[in-house]
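Worksheet for the structure shown next.
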Amino acid sequence: MAESPAADDRRQAPVRRREREDAGPRDIRVKVSYNETELSILREAAGRDNQALAAWIADAALDVAAEKVVPVSVDARDIVAELIEARRQAARIGNNLNQIAKVLNADGTVTAAQVEAAMEAGRRAIQRLDEATLQVMRERRPRS
């Protein structure tokens, strides 16, 4: 039987099935309610992951409940970006200190100014990491 052109337009990508740790059937149902805006957001997220809406909601809720993922607010993106940059800088500084140690161990010449500059950069990076970490800790909701 040939399909009509309209049927072809309605075809969707196959729904992605994700392996669960407990591959048992999900036969217990819970009713949840959303307004139109919330439902639209959830449908969009499920579509991005190519999952059925109910499966996406269940997986997302379980991941948060099991602390596999920690929700981060949109406002926290800048803080997370700062943490990433501070970690990158700390890695570069560590590399610089390793190079200085290598030269010192090979009886090379390293000036006090070079050592002080590397140490000051390390202090600044650690301070940035501390400040960003404290900000994240302030925003995180305490566990009850």
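Chains: A, B, ... in order of the structure tokens. Residues: from 1 per chain. Ligands: from 1, in order shown.
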
Sorted by chain and rising residue number, list the residues of segment 14-85 of chain A at most 12 Å from segment 122-126 of chain A (counting only C-alpha atoms), each with its closest atom pair and distance in Å to one decimal, as CSV.
```
residue,atom,partner,partner_atom,distance
A:Glu82,CA,A:Ala125,CA,10.5
A:Leu83,CA,A:Ala125,CA,9.8
A:Ile84,CA,A:Ala125,CA,11.1
A:Glu85,CA,A:Ala125,CA,9.1
```

Output of the above residues as a short mmCIF file (atom, residue, chain, number, x, y, z; two decimals), in the first residue's frame, restricted to N, CA, C and O atoms:
```
data_model
loop_
_atom_site.label_atom_id
_atom_site.label_comp_id
_atom_site.auth_asym_id
_atom_site.auth_seq_id
_atom_site.Cartn_x
_atom_site.Cartn_y
_atom_site.Cartn_z
N GLU A 82 33.77 30.67 34.57
CA GLU A 82 34.91 31.19 35.35
C GLU A 82 35.71 30.05 35.96
O GLU A 82 36.94 30.08 35.95
N LEU A 83 35.02 29.05 36.49
CA LEU A 83 35.73 27.89 37.04
C LEU A 83 36.54 27.17 35.96
O LEU A 83 37.69 26.78 36.19
N ILE A 84 35.96 27.01 34.79
CA ILE A 84 36.67 26.35 33.70
C ILE A 84 37.91 27.15 33.30
O ILE A 84 39.00 26.58 33.13
N GLU A 85 37.77 28.46 33.18
CA GLU A 85 38.91 29.29 32.81
C GLU A 85 39.97 29.27 33.91
O GLU A 85 41.17 29.21 33.62
#
```

Within 9 Å of Ile79 of chain A, counting only C-alpha atoms, which residues qualify if same-chain residues fewer than 2 places away don't, as an mmCIF file with N, CA, C and O atoms, in the first residue's frame?
```cif
data_model
loop_
_atom_site.group_PDB
_atom_site.id
_atom_site.type_symbol
_atom_site.label_atom_id
_atom_site.label_comp_id
_atom_site.auth_asym_id
_atom_site.auth_seq_id
_atom_site.Cartn_x
_atom_site.Cartn_y
_atom_site.Cartn_z
ATOM 1 N N ASP A 75 21.777 31.339 35.369
ATOM 2 C CA ASP A 75 22.596 32.363 36.002
ATOM 3 C C ASP A 75 23.967 31.837 36.406
ATOM 4 O O ASP A 75 24.918 32.602 36.528
ATOM 5 N N ALA A 76 24.066 30.541 36.647
ATOM 6 C CA ALA A 76 25.334 29.959 37.091
ATOM 7 C C ALA A 76 26.294 29.691 35.942
ATOM 8 O O ALA A 76 27.448 29.339 36.175
ATOM 9 N N ARG A 77 25.845 29.869 34.700
ATOM 10 C CA ARG A 77 26.739 29.591 33.562
ATOM 11 C C ARG A 77 28.012 30.420 33.616
ATOM 12 O O ARG A 77 29.094 29.914 33.336
ATOM 13 N N ALA A 81 31.717 28.975 33.768
ATOM 14 C CA ALA A 81 32.724 29.399 32.786
ATOM 15 C C ALA A 81 33.962 29.938 33.489
ATOM 16 O O ALA A 81 35.098 29.671 33.055
ATOM 17 N N GLU A 82 33.772 30.675 34.569
ATOM 18 C CA GLU A 82 34.911 31.193 35.345
ATOM 19 C C GLU A 82 35.711 30.054 35.959
ATOM 20 O O GLU A 82 36.945 30.076 35.950
ATOM 21 N N LEU A 83 35.024 29.049 36.487
ATOM 22 C CA LEU A 83 35.728 27.886 37.037
ATOM 23 C C LEU A 83 36.544 27.171 35.958
ATOM 24 O O LEU A 83 37.686 26.779 36.192
ATOM 25 N N ILE A 84 35.961 27.015 34.789
ATOM 26 C CA ILE A 84 36.672 26.350 33.696
ATOM 27 C C ILE A 84 37.914 27.147 33.303
ATOM 28 O O ILE A 84 39.001 26.583 33.135
ATOM 29 N N ALA A 132 35.060 31.536 42.813
ATOM 30 C CA ALA A 132 34.013 30.900 42.004
ATOM 31 C C ALA A 132 33.395 29.720 42.748
ATOM 32 O O ALA A 132 32.181 29.518 42.709
ATOM 33 N N THR A 133 34.224 28.958 43.445
ATOM 34 C CA THR A 133 33.714 27.818 44.208
ATOM 35 C C THR A 133 32.779 28.289 45.317
ATOM 36 O O THR A 133 31.704 27.708 45.532
ATOM 37 N N GLN A 135 31.010 30.978 45.331
ATOM 38 C CA GLN A 135 29.773 31.448 44.697
ATOM 39 C C GLN A 135 28.850 30.275 44.365
ATOM 40 O O GLN A 135 27.651 30.325 44.611
ATOM 41 N N VAL A 136 29.409 29.209 43.826
ATOM 42 C CA VAL A 136 28.608 28.020 43.513
ATOM 43 C C VAL A 136 28.034 27.437 44.797
ATOM 44 O O VAL A 136 26.866 27.051 44.850
#
```

Problem - Nearest to Glu38 of chain A by atom-to-atom distance, counting only C-alpha atoms, from A:Ala66, A:Ile93, A:Ala52, A:Ile57 - result: A:Ile57

Handout entry: Atomic separation - atom CA of Arg87 of chain A relative to atom CA of Asp130 of chain A, Å
Key = 10.9 Å
